Amino acid sequence: MMLDIKNLNIWYGGIHAVKGIHMNIEKGEIVTLIGANGAGKSSAIRAIAGLVKGYKGNIVYTRSGEAAVSLSGRPPEEMVKMGIALSPEGRRILPQLTVEENLRLGAYIRHDKAGVAEDIDYVYGLFPRLQERRRQKGGTLSGGEQQMLAVGRALMSRPDLLMLDEPSLGLAPILVSEVFSVIRELNRQGKTILLVEQNAFAALKIASKAYVLEVGSIVIEGTGEELLQDSRVKEAYLGG
Amino acid sequence: MFVQHFINALGLGALYGLIAIGYTMVYGILRLINFAHGDIFMLGAYFVFFATIQYKLPWGLGVAIAIVGATACGLLVDRIAYRPLRGAPRISALISAIGVSFFLENLAVVIFTGMPRAVVQPPWLMKPVILGEVRLIPLGLMVPVIAFVLVSGLLWVVYKTKPGLAMRSISHDIETTRLLGVSVDKIIALTFALGSALAALAGIMWALRYPRVEPFMGVFPGFKAFIAAVFGGIGSIPGAMVGGVILGFVEIMSVAFFPKLSGYKDAFAFVLLIVILLIKPTGLMGERMEEKI
């Protein structure tokens, strides 16, 4: 098992945002965490990335060929070095840096220049629009282009586990399907992916495993296929 | 005569600019006015004074000692006074900065005594070069040249290297920068180190120009350099340099052409500050500190 989340509890001030959830991710899977706004999805993924201080429970990570380690108490910069990358909600592109500088920053922990150059080309292959705009400032990109850049930037550290927080948020439908087809393609190339989404239909279609989060608790889990058929999921998240 | 004033103004402005860079870089990254920066400048001047005049070390070595010493002090200030307050409200760090500044000044009084000490200028720096009607001393020419070289080097670090990329990134979004694997505290320390080294060099050149050192010598140059940074656009390195040079010219030229104003010399900086805040609050080359989306 690549990632094993045991009894994760997160509080913000007095609010119990995540209430003892259990999740696990196997190597090579696309796992999705769906749910409404404020259900605790982002909190959970941010905890894995090291951005939440003082959560309770344990997150155990096993990199292929290495011993299992607990992630709790580790800062975000260490997670990247361990092979976990997050493309954060709201994209968080650095507006004053060029597209290419944003990508280079994604490869900050790496020292293999040739490999980094190769991966920049790889990202441009995935998202040709970014290549056209490589010298443009990140702040001048459209929402869809920024999302592509955020995904590309997360890939630049060559992560074993790629986490995407709401990659479809605010995108036009055609761009949503473009982003999702890239996610599927990345998975086909061997990336393990944890996808947090509000667009339940699109996420469930590509997920091998899915969890539904409601006010901090996991209420349904199963394969993507199963959840697409589940009457409760249909009613609450797929528009009946 | 004008050429002499020109060189003089350029030199003074370059020194303001070098100090201003330290303010602007730290502000750009932490939104903190590092009030102790002028005192790092003072320490740089004292270190070179003790190394070369007290202990008779060669100038090259003395300059190296001053840079290393002042940089170490700048790093200590960050580590002890600012880093523990990273998560605290900005006003706490600001108060800490004022405290550190007073502490360093008074520590200098205790250790070095409050008496100004004369700096003996090396003769080769003072031997006038006569070009027609213009008399120039090597020191006056060296200061702007050294400043130019230093700023070019700094811009190269900030715009062409990986740590520089991380610095520019931190100034916009610390959390995202950490997510990408950057050890933010290390990059902030590097920023303090670079700013302190430049302040030390400015302190050394200042001590040679106005040949003395005293514990409060950093206060006014510090204020003025800060104003230069605001005038040029806080957060912008070229802006700090441009702001410094403009301030240098205003001070030197106004006194040169209106000698009666010489008593008001120190007030010009504040006039400039008020004018720029009224007309263009972001400064000449400053960008708007955008809302984080």
# chains A, B, ... in the order shown; residues from 1 in each chain; ligands from 1
call {"tool": "residues_around", "arguments": {"residues": "Phe2 in chain B", "least_positions_apart": "6", "cutoff": "10 Å", "atoms": "only C-alpha atoms", "output": "list in words"}}
result
Asn8, Val134, Met253, Ala256 and Phe257 of chain B
call {"tool": "closest_atom_pairs", "arguments": {"of": "range 102-171 of chain A", "to": "range 188-204 of chain A", "cutoff": "10 Å", "atoms": "only C-alpha atoms", "output": "tab-separated table"}}
result
residue	atom	partner	partner_atom	distance
A:Leu155	CA	A:Lys191	CA	9.7
A:Arg158	CA	A:Lys191	CA	9.4
A:Pro159	CA	A:Lys191	CA	8.0
A:Asp160	CA	A:Lys191	CA	6.3
A:Leu161	CA	A:Thr192	CA	5.0
A:Leu162	CA	A:Ile193	CA	4.9
A:Met163	CA	A:Leu194	CA	4.7
A:Leu164	CA	A:Leu195	CA	5.0
A:Asp165	CA	A:Val196	CA	4.9
A:Glu166	CA	A:Glu197	CA	4.8
A:Pro167	CA	A:Glu197	CA	7.3
A:Ser168	CA	A:Asn199	CA	7.3
A:Leu169	CA	A:Gln198	CA	7.9
call {"tool": "write_last_selection", "arguments": {"atoms": "N, CA and C atoms", "output": "tab-separated table (two decimals), in the first residue's frame"}}
result
chain	number	residue	atom	x	y	z
A	155	LEU	N	4.12	17.88	-11.60
A	155	LEU	CA	4.80	16.73	-12.20
A	155	LEU	C	6.31	16.89	-12.22
A	158	ARG	N	8.86	14.87	-10.39
A	158	ARG	CA	8.76	13.42	-10.66
A	158	ARG	C	8.18	12.68	-9.45
A	159	PRO	N	6.97	13.06	-9.04
A	159	PRO	CA	6.42	12.45	-7.83
A	159	PRO	C	5.97	11.01	-8.07
A	160	ASP	N	5.98	10.22	-7.00
A	160	ASP	CA	5.38	8.89	-7.06
A	160	ASP	C	3.87	9.02	-6.87
A	161	LEU	N	3.49	9.95	-6.00
A	161	LEU	CA	2.07	10.18	-5.74
A	161	LEU	C	1.75	11.63	-6.13
A	162	LEU	N	0.86	11.76	-7.11
A	162	LEU	CA	0.45	13.09	-7.57
A	162	LEU	C	-0.92	13.39	-6.99
A	163	MET	N	-1.02	14.48	-6.24
A	163	MET	CA	-2.30	14.85	-5.65
A	163	MET	C	-2.83	16.11	-6.33
A	164	LEU	N	-4.08	16.04	-6.74
A	164	LEU	CA	-4.68	17.17	-7.46
A	164	LEU	C	-5.90	17.64	-6.70
A	165	ASP	N	-5.87	18.90	-6.27
A	165	ASP	CA	-7.00	19.43	-5.50
A	165	ASP	C	-7.86	20.28	-6.43
A	166	GLU	N	-9.04	19.75	-6.76
A	166	GLU	CA	-10.02	20.46	-7.59
A	166	GLU	C	-9.45	20.96	-8.92
A	167	PRO	N	-8.88	20.08	-9.72
A	167	PRO	CA	-8.30	20.56	-10.98
A	167	PRO	C	-9.34	21.08	-11.98
A	168	SER	N	-10.60	20.78	-11.77
A	168	SER	CA	-11.60	21.24	-12.75
A	168	SER	C	-12.31	22.51	-12.31
A	169	LEU	N	-11.96	23.01	-11.12
A	169	LEU	CA	-12.69	24.14	-10.57
A	169	LEU	C	-12.61	25.36	-11.48
call {"tool": "residues_around", "arguments": {"residues": "Ala20 in chain B", "least_positions_apart": "4", "cutoff": "6 Å", "atoms": "only C-alpha atoms", "output": "short mmCIF file (atom, residue, chain, number, x, y, z; two decimals) with N, CA and C atoms, in the first residue's frame"}}
result
data_model
loop_
_atom_site.label_atom_id
_atom_site.label_comp_id
_atom_site.auth_asym_id
_atom_site.auth_seq_id
_atom_site.Cartn_x
_atom_site.Cartn_y
_atom_site.Cartn_z
N TYR B 16 23.52 54.81 -0.56
CA TYR B 16 22.11 54.69 -0.14
C TYR B 16 21.47 53.49 -0.82
N ALA B 225 18.06 55.39 3.42
CA ALA B 225 18.06 54.27 2.48
C ALA B 225 16.68 53.64 2.43
N PHE B 226 16.03 53.57 3.58
CA PHE B 226 14.68 53.02 3.58
C PHE B 226 13.75 53.89 2.73
N ALA B 229 14.34 53.17 -0.77
CA ALA B 229 13.70 51.93 -1.18
C ALA B 229 12.21 52.16 -1.46
N ALA B 240 15.44 50.19 -5.74
CA ALA B 240 16.20 50.63 -4.56
C ALA B 240 17.43 51.41 -5.01
#
call {"tool": "residues_around", "arguments": {"residues": "Leu141 in chain A", "least_positions_apart": "3", "cutoff": "10 Å", "atoms": "only C-alpha atoms", "output": "PyMOL selection string"}}
result
chain A and resi 93+95+98-99+130+133+136-138+144-147+149
call {"tool": "closest_atom_pairs", "arguments": {"of": "chain A", "to": "chain B", "cutoff": "8 Å", "atoms": "only C-alpha atoms", "output": "tab-separated table"}}
result
residue	atom	partner	partner_atom	distance
A:Ala49	CA	B:Leu179	CA	7.5
A:Pro76	CA	B:Leu179	CA	5.3
A:Glu77	CA	B:Gly181	CA	3.9
A:Glu78	CA	B:Gly181	CA	6.6
A:Met79	CA	B:Gly181	CA	7.6
A:Val80	CA	B:Gly181	CA	5.4
A:Lys81	CA	B:Gly181	CA	6.8
A:Ala85	CA	B:Leu179	CA	7.4
A:Leu86	CA	B:Leu179	CA	7.0
A:Pro88	CA	B:Thr176	CA	7.9
A:Gly90	CA	B:Ile293	CA	7.7
A:Arg92	CA	B:Thr176	CA	6.7
A:Leu94	CA	B:Ser169	CA	6.5
A:Pro95	CA	B:His172	CA	7.9
A:Leu97	CA	B:Ser169	CA	7.5
A:Glu101	CA	B:Leu165	CA	7.5
A:Leu105	CA	B:Leu180	CA	6.8
A:Gly106	CA	B:Leu180	CA	5.3
A:Ala107	CA	B:Leu180	CA	7.5
A:Tyr108	CA	B:Gly181	CA	6.4
A:Ile109	CA	B:Gly181	CA	5.9
A:Ala154	CA	B:Leu180	CA	7.5
A:Ser157	CA	B:Leu180	CA	7.9
call {"tool": "atom_distance", "arguments": {"atom1": "CA of Glu251 in chain B", "atom2": "CA of Asp266 in chain B"}}
result
7.8 Å
call {"tool": "residues_around", "arguments": {"residues": "range 119-130 of chain B", "least_positions_apart": "6", "cutoff": "8 Å", "atoms": "only C-alpha atoms", "output": "list in words"}}
result
Phe49, Ile53, Leu136, Ile137, Pro138, Leu139, Ala207, Leu208, Pro211, Arg212 and Val213 of chain B
call {"tool": "residues_around", "arguments": {"residues": "Phe103 in chain B", "least_positions_apart": "5", "cutoff": "10 Å", "atoms": "only C-alpha atoms", "output": "list in words"}}
result
Ala36, Asp39, Ala97, Ile98, Ala108 and Val109 of chain B
call {"tool": "atom_distance", "arguments": {"atom1": "CA of Ala200 in chain B", "atom2": "CA of Ala66 in chain B"}}
result
6.5 Å
call {"tool": "residues_around", "arguments": {"residues": "Phe249 in chain B", "least_positions_apart": "5", "cutoff": "10 Å", "atoms": "only C-alpha atoms", "output": "PyMOL selection string"}}
result
chain B and resi 5-13+243-244+254-255
call {"tool": "select_by_dssp", "arguments": {"residues": "range 13-150 of chain A", "states": "strand (DSSP E)", "output": "PyMOL selection string"}}
result
chain A and resi 15-25+30-35+56-61+69-70+84-87
call {"tool": "write_last_selection", "arguments": {"atoms": "N, CA, C and O atoms", "output": "short mmCIF file (atom, residue, chain, number, x, y, z; two decimals), in the first residue's frame"}}
result
data_model
loop_
_atom_site.label_atom_id
_atom_site.label_comp_id
_atom_site.auth_asym_id
_atom_site.auth_seq_id
_atom_site.Cartn_x
_atom_site.Cartn_y
_atom_site.Cartn_z
N ILE A 15 -13.64 23.94 15.14
CA ILE A 15 -14.41 23.12 14.20
C ILE A 15 -13.71 21.80 13.91
O ILE A 15 -12.53 21.79 13.54
N HIS A 16 -14.42 20.73 14.06
CA HIS A 16 -13.90 19.41 13.77
C HIS A 16 -14.14 19.13 12.29
O HIS A 16 -15.19 18.68 11.90
N ALA A 17 -13.15 19.46 11.46
CA ALA A 17 -13.36 19.47 10.00
C ALA A 17 -13.29 18.07 9.39
O ALA A 17 -14.01 17.75 8.45
N VAL A 18 -12.39 17.25 9.91
CA VAL A 18 -12.26 15.88 9.42
C VAL A 18 -12.35 14.97 10.63
O VAL A 18 -11.61 15.12 11.60
N LYS A 19 -13.33 14.01 10.57
CA LYS A 19 -13.67 13.27 11.79
C LYS A 19 -13.31 11.79 11.68
O LYS A 19 -14.18 10.96 11.46
N GLY A 20 -12.03 11.52 11.80
CA GLY A 20 -11.62 10.11 11.88
C GLY A 20 -11.82 9.33 10.60
O GLY A 20 -12.52 8.31 10.60
N ILE A 21 -11.23 9.79 9.50
CA ILE A 21 -11.43 9.05 8.24
C ILE A 21 -10.29 8.05 8.03
O ILE A 21 -9.17 8.22 8.50
N HIS A 22 -10.64 6.98 7.32
CA HIS A 22 -9.67 5.97 6.90
C HIS A 22 -9.68 5.92 5.39
O HIS A 22 -10.74 5.90 4.77
N MET A 23 -8.48 5.92 4.78
CA MET A 23 -8.41 5.82 3.32
C MET A 23 -7.13 5.09 2.98
O MET A 23 -6.17 5.13 3.74
N ASN A 24 -7.11 4.44 1.82
CA ASN A 24 -5.82 3.94 1.38
C ASN A 24 -5.68 3.99 -0.13
O ASN A 24 -6.67 3.99 -0.86
N ILE A 25 -4.43 4.10 -0.55
CA ILE A 25 -4.12 4.23 -1.97
C ILE A 25 -3.06 3.20 -2.33
O ILE A 25 -2.02 3.12 -1.67
N ILE A 30 -5.93 5.42 -9.47
CA ILE A 30 -6.48 6.77 -9.32
C ILE A 30 -7.53 6.67 -8.22
O ILE A 30 -8.50 5.91 -8.35
N VAL A 31 -7.28 7.38 -7.13
CA VAL A 31 -8.26 7.37 -6.05
C VAL A 31 -8.87 8.75 -6.00
O VAL A 31 -8.16 9.76 -6.10
N THR A 32 -10.18 8.81 -5.87
CA THR A 32 -10.80 10.13 -5.80
C THR A 32 -11.56 10.31 -4.48
O THR A 32 -12.08 9.36 -3.90
N LEU A 33 -11.53 11.53 -4.04
CA LEU A 33 -12.24 11.92 -2.82
C LEU A 33 -13.23 12.98 -3.27
O LEU A 33 -12.82 14.05 -3.72
N ILE A 34 -14.54 12.65 -3.21
CA ILE A 34 -15.52 13.61 -3.67
C ILE A 34 -16.39 14.07 -2.50
O ILE A 34 -16.36 13.48 -1.41
N GLY A 35 -17.14 15.12 -2.73
CA GLY A 35 -17.98 15.65 -1.66
C GLY A 35 -18.25 17.11 -1.92
O GLY A 35 -17.63 17.73 -2.79
N LYS A 56 -4.65 14.75 14.20
CA LYS A 56 -4.54 13.49 14.95
C LYS A 56 -4.76 12.33 14.00
O LYS A 56 -5.42 12.46 12.97
N GLY A 57 -4.22 11.18 14.37
CA GLY A 57 -4.30 10.02 13.51
C GLY A 57 -2.97 9.84 12.81
O GLY A 57 -2.01 10.55 13.11
N ASN A 58 -2.92 8.92 11.87
CA ASN A 58 -1.62 8.66 11.25
C ASN A 58 -1.76 8.53 9.74
O ASN A 58 -2.76 8.05 9.23
N ILE A 59 -0.74 9.03 9.06
CA ILE A 59 -0.67 8.84 7.61
C ILE A 59 0.65 8.12 7.33
O ILE A 59 1.72 8.63 7.65
N VAL A 60 0.53 6.91 6.81
CA VAL A 60 1.73 6.10 6.59
C VAL A 60 1.97 6.00 5.09
O VAL A 60 1.07 5.69 4.32
N TYR A 61 3.20 6.31 4.70
CA TYR A 61 3.55 6.37 3.29
C TYR A 61 4.65 5.38 3.01
O TYR A 61 5.63 5.29 3.75
N VAL A 69 6.93 4.95 6.25
CA VAL A 69 7.23 6.04 7.20
C VAL A 69 5.95 6.78 7.53
O VAL A 69 5.02 6.85 6.72
N SER A 70 5.92 7.34 8.74
CA SER A 70 4.78 8.17 9.12
C SER A 70 5.02 9.59 8.62
O SER A 70 6.13 10.12 8.72
N ILE A 84 5.91 13.05 -2.96
CA ILE A 84 4.49 13.40 -2.92
C ILE A 84 4.35 14.85 -3.39
O ILE A 84 4.95 15.75 -2.80
N ALA A 85 3.59 15.07 -4.45
CA ALA A 85 3.42 16.44 -4.94
C ALA A 85 1.95 16.80 -4.95
O ALA A 85 1.09 15.98 -5.24
N LEU A 86 1.67 18.05 -4.61
CA LEU A 86 0.29 18.53 -4.61
C LEU A 86 0.13 19.69 -5.59
O LEU A 86 0.91 20.64 -5.56
N SER A 87 -0.87 19.58 -6.43
CA SER A 87 -1.28 20.72 -7.23
C SER A 87 -2.45 21.35 -6.46
O SER A 87 -3.53 20.78 -6.38
#
call {"tool": "closest_residue", "arguments": {"among": "B:Leu273, B:Ile252, B:Leu278, B:Leu32", "to": "Ala88 in chain B", "atoms": "only C-alpha atoms"}}
result
B:Leu32
call {"tool": "atom_distance", "arguments": {"atom1": "CA of Gly22 in chain B", "atom2": "CA of Tyr55 in chain B"}}
result
28.9 Å
